[in-house]
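Below: one structure, written as structure tokens.
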Amino acid sequence: MTSRIPAILVLLAAALLAGCAGRAWREARDADTIQAYHAFLREYPDASHAREARARLELVRIRKRPTRDRYEAFREEFGTADLLAELRPHVEEAYFLHARAVGTPAAYREFLDDFPDGTFAARARGNAEYLERAGFEGDTEALSSFVAAHPESDFAAEAERSVATLLARGETRFERVGLMVDVSARTPGRERLVRVFVERARTTYAAVGLHLVAIPRVEAAGEAGVDAVLEIAHDESETGSQMEGGTFTEPGIVATTRVVLRRMGEREPIWADAFEYRAPLSARRDDVSILFGPGSHSSYWAELGGEFFVPVAQWSTQRALREPWPFQRPPVAVEVAGKRAIVLFGDGDFELLDLGDPAQPVRLGTYRRPRDLATFDGVVTDGTRVVVFGPDGAEIVALDGETARREVAFGRDTIGSVVDVANLDGTWVAATNRGLVRLGRSPEDTQVLIPRPIAGMARAAGGRVIFADGISLYTATLPQLKAGRVESELRLGRGFNPTRVRIHGEGDSAVVLGARDAVWVDLESRQPRLRSRIGGSESGRVRDAAVMGGRLFLLGHRGLQVADSAGERIVDSVDVEARERIGVSGRHLVMIGERSLQVVDATPFVAPPPASR
């Protein structure tokens with residue numbers, strides 16, 4: 001009898017403990033906080049509700065800071081249907097943002113499979129449709145229907161703007177332009193300068209079928225029957241010593257020419273620019289402008305490499321321009337995949353931006369490279385990996401939605417200085433000053449495929465690469481490169497001096513930039529064919545180029561210029577702020593400049609304008 005008393009006491013104690021644990025669990029569940037679950041597990045680590053308490057502790061943590069990784073880990077460890085159902089609404093936004101960062105129709109469709117009736121479902125459905133239909137390729141009716149059906153989509157605002165821009169192309173088109181040339185009376189040789197400005201303007205506009213009509217003032221535009229006015233104003237004056245580049249300049253004479261192209265009735269000009277030329281006081285003549293003095297021709301007049309030019313446009317092209325997106329430091333390169341832009345900085349850092357609404361880009365993620373003295377000036381992606389490259393080699397970064405992680409680095413001592421990188425059948429190939437180099441899984445795993453300095457390279461259609469040395473343009477497949485052979489050669493000549501090869505879209509044509517000229521090359525057959533050539537006197541200094549919808553776009557110190565369908569003459573211009581590098585996003589051009597990113601809707605340049613409303 002006495003031996004049973006301790007057993008009864010044990011049972012009573014256990015029952016009492018279970019009752020206390022039960023009350024504590026109910027209190028913890030009522031509170032449903034991290035502190036409450038911590039307290040319960042500290043007091044009752046082996047209670048029957050301990051595992052559930054650990055699950056709910058992690059669930060509350062995820063509710064406070066929901067991420068995909070934490071949800072996936074939770075599902076792996078505590079994946080009961082009721083807990084997952086409770087948690088899913090809290091992680092829906094994280095999964096949507098991941099789909100947005102990936103930026104493909106498949107990513108949005110996968111999201112919709114998981115969250116078909118969620119808060120972000122309508123937005124994702126519209127985004128997927130827009131991407132699947134390639135932005136409806138400039139069809140105004142389809143774009144308008146899309147906006148009406150999917151107002152929640154991230155692309156709805158820009159789709160509506162594209163419709164307005166397409167209509168503006170037809171509604172603001174002009175054929176007669178008033179010309180006003182105002183050279184100040186104090187300018188020596190004023191009459192000669194007026195004649196030169198008029199001659200250059202008439203020649204430029206006549207080449208694109210625009211008729212210039214001389215008018216004495218803007219108010220006379222209506223009487224002259226013109227819809228736009230080109231104003232050229234010039235003045236020359238003495239100036240004192242100035243600080244330039246850390247040193248003082250001598251007193252001299254400054255010639256300033258201001259050029260403005262404006263459509264009548266519109267506040268924003270189509271184009272506005274100013275050109276300056278400085279000469280010493282000794283260059284002043286009583287009867288000759290300093291623009292015709294020694295050295296001025298090569299420094300000022302465009303046909304000899306100078307800055308001055310007459311901008312040309314045939315409609316209010318500023319309507320296609322979106323406001324610039326500022327950066328705190330200068331970007332050096334941009335790569336666009338779908339509606340995502342990767343903007344690279346000189347130290348190897350990059351930002352990932354969503355351009356669904358290019359008037360309001362969204363920063364999706366940031367990659368911060370470990371600090372050292374290496375510099376980079378190029379970036380390329382295959383969708384899941386990013387390669388940054390430049391004078392100090394190349395680095396491959398794994399990209400998972402909005403997160404990025406460096407996988408491997410190839411230093412300059414291993415592969416040389418890199419001018420471009422392309423992905424051929426899953427293999428990265430770098431164009432360097434040592435030749436074409438295959439990049440492997442480690443710095444030791446590399447192979448020189450073509451042992452000569454390469455000036456530029458890009459991936460073409462059909463699994464080919466196109467690259468240039470100092471004289472010729474070559475095409476080859478990866479097996480051919482591994483065998484030390486090329487598929488074809490197109491000689492450009494030593495004087496051309498290729499500096500960059502650019503391919504966008506389907507990869508059936510390329511633009512090769514030279515020291516002065518740009519050539520458009522047809523790649524539809526195995527043997528590249530020269531399609532057109534634009535000289536520096538026509539385009540000015542070109543820093544980058546793109547082909548879209550069968551049209552050639554050139555970016556440089558004259559802004560964004562659009563060539564005719566033959567690719568031989570500039571017929572339109574857009575006064576962009578960003579003038580360094582260019583990428584293609586659907587039917588939009590994405591440019592970077594000194595401290596900004598800017599987008600131009602290229603749809604009205606490549607699609608026929610609809611009838612005016």
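Going by the structure tokens order, chains are called A, B, ..., each with residues numbered from 1, while ligands are numbered from 1 in the order shown.
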
In stretch 152-278 of chain A, DSSP helix (DSSP H, G or I) residues written as a PyMOL selection string: chain A and resi 156-171+190-206+218-224

Long-range neighbours of stretch 368-371 of chain A as a PyMOL selection string, 10 Å cut-off, only C-alpha atoms, 4 positions minimum in chain: chain A and resi 347-351+395+397+404-406

Grab the residues selected above and save them as a short mmCIF file (atom, residue, chain, number, x, y, z; two decimals), in the first residue's frame with C-alpha atoms.
data_model
loop_
_atom_site.label_atom_id
_atom_site.label_comp_id
_atom_site.auth_asym_id
_atom_site.auth_seq_id
_atom_site.Cartn_x
_atom_site.Cartn_y
_atom_site.Cartn_z
CA ASP A 347 33.46 49.76 -59.00
CA GLY A 348 31.44 46.69 -60.03
CA ASP A 349 28.29 47.46 -58.04
CA PHE A 350 25.01 47.27 -59.93
CA GLU A 351 21.34 48.04 -59.41
CA GLU A 395 33.21 38.39 -62.60
CA VAL A 397 27.32 36.91 -60.34
CA ALA A 404 22.76 38.52 -56.25
CA ARG A 405 25.85 36.53 -55.21
CA ARG A 406 29.31 36.45 -56.77
#

By how many Å are atom CA of A:Ala461 and atom CA of A:Val429 apart?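 Interatomic distance here is 15.5 Å.
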
Between atom CA of A:Gly493 and atom CA of A:Leu523, distance in Å (one decimal):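 Pair atom CA of A:Gly493 / atom CA of A:Leu523 returns 18.8 Å.
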
Would you compute the distance between atom CA of A:Ile454 and atom CA of A:Phe345? Give it in Å to one decimal.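 Computed distance, atom CA of A:Ile454 to atom CA of A:Phe345, equals 23.3 Å.
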
Would you return as number ranges by chain the members of stretch 152-339 of chain A that DSSP assigns to strand (DSSP E) on this structure's backbone? A: 176-183, 211-214, 228-239, 243-244, 247-248, 252-263, 271-280, 325-326, 331-337

Can I get the selection written as a short mmCIF file (atom, residue, chain, number, x, y, z; two decimals), in the first residue's frame, with C-alpha atoms?
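Writing the result to out14.cif gives the following:
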data_model
loop_
_atom_site.label_atom_id
_atom_site.label_comp_id
_atom_site.auth_asym_id
_atom_site.auth_seq_id
_atom_site.Cartn_x
_atom_site.Cartn_y
_atom_site.Cartn_z
CA ARG A 176 7.24 73.19 -93.37
CA VAL A 177 9.57 74.77 -90.81
CA GLY A 178 10.20 78.44 -90.24
CA LEU A 179 13.87 79.43 -90.04
CA MET A 180 15.08 82.35 -87.92
CA VAL A 181 18.79 83.18 -87.94
CA ASP A 182 19.85 85.96 -85.58
CA VAL A 183 23.54 86.85 -85.54
CA HIS A 211 10.94 72.73 -96.45
CA LEU A 212 12.52 75.68 -94.63
CA VAL A 213 10.88 79.10 -94.90
CA ALA A 214 12.80 82.16 -93.76
CA ALA A 228 7.47 74.52 -86.39
CA VAL A 229 10.29 77.04 -86.04
CA LEU A 230 14.05 76.50 -86.06
CA GLU A 231 15.90 79.34 -84.30
CA ILE A 232 19.67 79.84 -84.63
CA ALA A 233 21.06 82.68 -82.51
CA HIS A 234 24.77 83.57 -82.47
CA ASP A 235 26.89 86.04 -80.54
CA GLU A 236 30.61 86.70 -80.05
CA SER A 237 32.01 88.64 -77.10
CA GLU A 238 35.21 89.17 -75.19
CA THR A 239 35.66 87.34 -71.90
CA MET A 243 39.07 78.83 -64.26
CA GLU A 244 38.79 75.69 -66.42
CA THR A 247 43.86 76.24 -64.45
CA PHE A 248 43.17 79.82 -65.47
CA GLY A 252 39.72 85.66 -75.13
CA ILE A 253 36.69 85.71 -77.39
CA VAL A 254 33.78 83.31 -76.92
CA ALA A 255 31.39 82.45 -79.74
CA THR A 256 28.04 81.04 -78.56
CA THR A 257 25.43 79.56 -80.88
CA ARG A 258 22.03 78.57 -79.52
CA VAL A 259 19.75 76.30 -81.53
CA VAL A 260 16.11 75.66 -80.67
CA LEU A 261 13.57 73.61 -82.64
CA ARG A 262 10.02 74.06 -81.45
CA ARG A 263 6.59 73.12 -82.74
CA TRP A 271 15.41 70.30 -79.27
CA ALA A 272 17.49 72.93 -77.47
CA ASP A 273 21.27 73.10 -77.40
CA ALA A 274 24.14 75.56 -77.22
CA PHE A 275 27.59 75.39 -78.80
CA GLU A 276 30.66 77.35 -77.71
CA TYR A 277 34.02 78.08 -79.28
CA ARG A 278 36.77 80.01 -77.52
CA ALA A 279 39.70 81.77 -79.19
CA PRO A 280 42.48 84.06 -77.89
CA TRP A 325 15.92 58.67 -63.27
CA PRO A 326 18.84 60.11 -61.22
CA PRO A 331 26.69 54.70 -64.18
CA VAL A 332 29.01 53.16 -66.77
CA ALA A 333 26.89 50.50 -68.51
CA VAL A 334 23.35 49.19 -68.83
CA GLU A 335 21.99 45.76 -69.77
CA VAL A 336 18.28 45.17 -70.33
CA ALA A 337 16.45 41.85 -70.08
#

Need the shell around stretch 569-577 of chain A: protein/DNA/RNA residues with any atom at most 6 Å away, counting only C-alpha atoms. Skip same-chain ones fewer than 6 positions apart. Format as a ChimeraX atom specification? /A:208,271,312-313,317,559-563

With only C-alpha atoms as the atoms that count, which of A:Leu490, A:Val512, A:Val408, A:Ala374 lies nearest to A:Asp392? A:Ala374

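Proximity to A:Ile582 at 10 Å, evaluated using only C-alpha atoms and with sequence-adjacent residues fewer than 6 positions away removed, yields Ala333, Val334, Glu335, Val336, Arg502, Arg543, Asp544, Ala545, Ala546, Phe553, Leu554, Leu555, Gly556, Leu560, Leu589, Val590, Met591, Ile592, Gly593, Leu597, Gln598 and Val599 of chain A.
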
How would the residues just picked look written out with C-alpha atoms as a CSV table (one decimal), in the first residue's frame?
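What landed in result_14.csv:
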chain,number,residue,atom,x,y,z
A,333,ALA,CA,26.9,50.5,-68.5
A,334,VAL,CA,23.3,49.2,-68.8
A,335,GLU,CA,22.0,45.8,-69.8
A,336,VAL,CA,18.3,45.2,-70.3
A,502,ARG,CA,26.2,45.9,-80.8
A,543,ARG,CA,29.0,56.3,-78.4
A,544,ASP,CA,26.5,53.5,-78.7
A,545,ALA,CA,23.8,52.1,-81.1
A,546,ALA,CA,20.8,49.8,-81.3
A,553,PHE,CA,19.2,54.3,-83.5
A,554,LEU,CA,22.5,56.1,-82.7
A,555,LEU,CA,23.4,57.6,-79.3
A,556,GLY,CA,26.1,60.2,-78.8
A,560,LEU,CA,19.4,60.0,-79.8
A,589,LEU,CA,15.2,52.3,-75.6
A,590,VAL,CA,17.0,52.6,-72.2
A,591,MET,CA,19.9,55.0,-72.0
A,592,ILE,CA,22.3,56.0,-69.3
A,593,GLY,CA,24.3,59.2,-69.0
A,597,LEU,CA,18.9,56.7,-66.8
A,598,GLN,CA,16.3,57.7,-69.4
A,599,VAL,CA,13.8,55.8,-71.5

Can you tell me which residues surround A:Tyr95 at a distance of at most 8 Å, considering only C-alpha atoms, apart from same-chain residues fewer than 4 positions away, and format the answer as an mmCIF file with C-alpha atoms, in the first residue's frame?
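To be explicit, this is the file written out as around_26.cif:
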data_model
loop_
_atom_site.group_PDB
_atom_site.id
_atom_site.type_symbol
_atom_site.label_atom_id
_atom_site.label_comp_id
_atom_site.auth_asym_id
_atom_site.auth_seq_id
_atom_site.Cartn_x
_atom_site.Cartn_y
_atom_site.Cartn_z
ATOM 1 C CA THR A 67 10.655 36.408 -47.258
ATOM 2 C CA ARG A 68 10.576 33.566 -49.770
ATOM 3 C CA VAL A 91 4.283 36.063 -48.027
ATOM 4 C CA ALA A 99 8.295 37.319 -59.948
ATOM 5 C CA PHE A 111 3.109 33.102 -59.074
#

Minimum-distance residue to A:Leu57, chosen among A:Ala476, A:Ala224, A:Ala36, A:Leu439 (using only C-alpha atoms):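 The answer is A:Ala36, which sits nearest to A:Leu57.
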
Tell me, as a PyMOL selection string, which residues lie within 8 Å of stretch 143-160 of chain A, counting only C-alpha atoms; anything in the same chain fewer than 2 positions away does not count. chain A and resi 122-127+130+135-136+138-141+162-164+356-359

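Candidate residues A:Val542, A:Ile503, A:Leu97, A:Leu131 were compared for distance to A:Leu353, and the nearest is A:Leu97, using only C-alpha atoms.
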
Residues near A:Arg192, cut-off 12 Å, only C-alpha atoms, skip fewer than 6 positions along chain, as a PyMOL selection string: chain A and resi 181+183+198-199+287-292

Taking into account only C-alpha atoms, which residue in the set A:Glu506, A:Glu568, A:Asp227, A:Glu92 is nearest to A:Val584?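 Ranking A:Glu506, A:Glu568, A:Asp227, A:Glu92 by distance to A:Val584, first place goes to A:Glu506.
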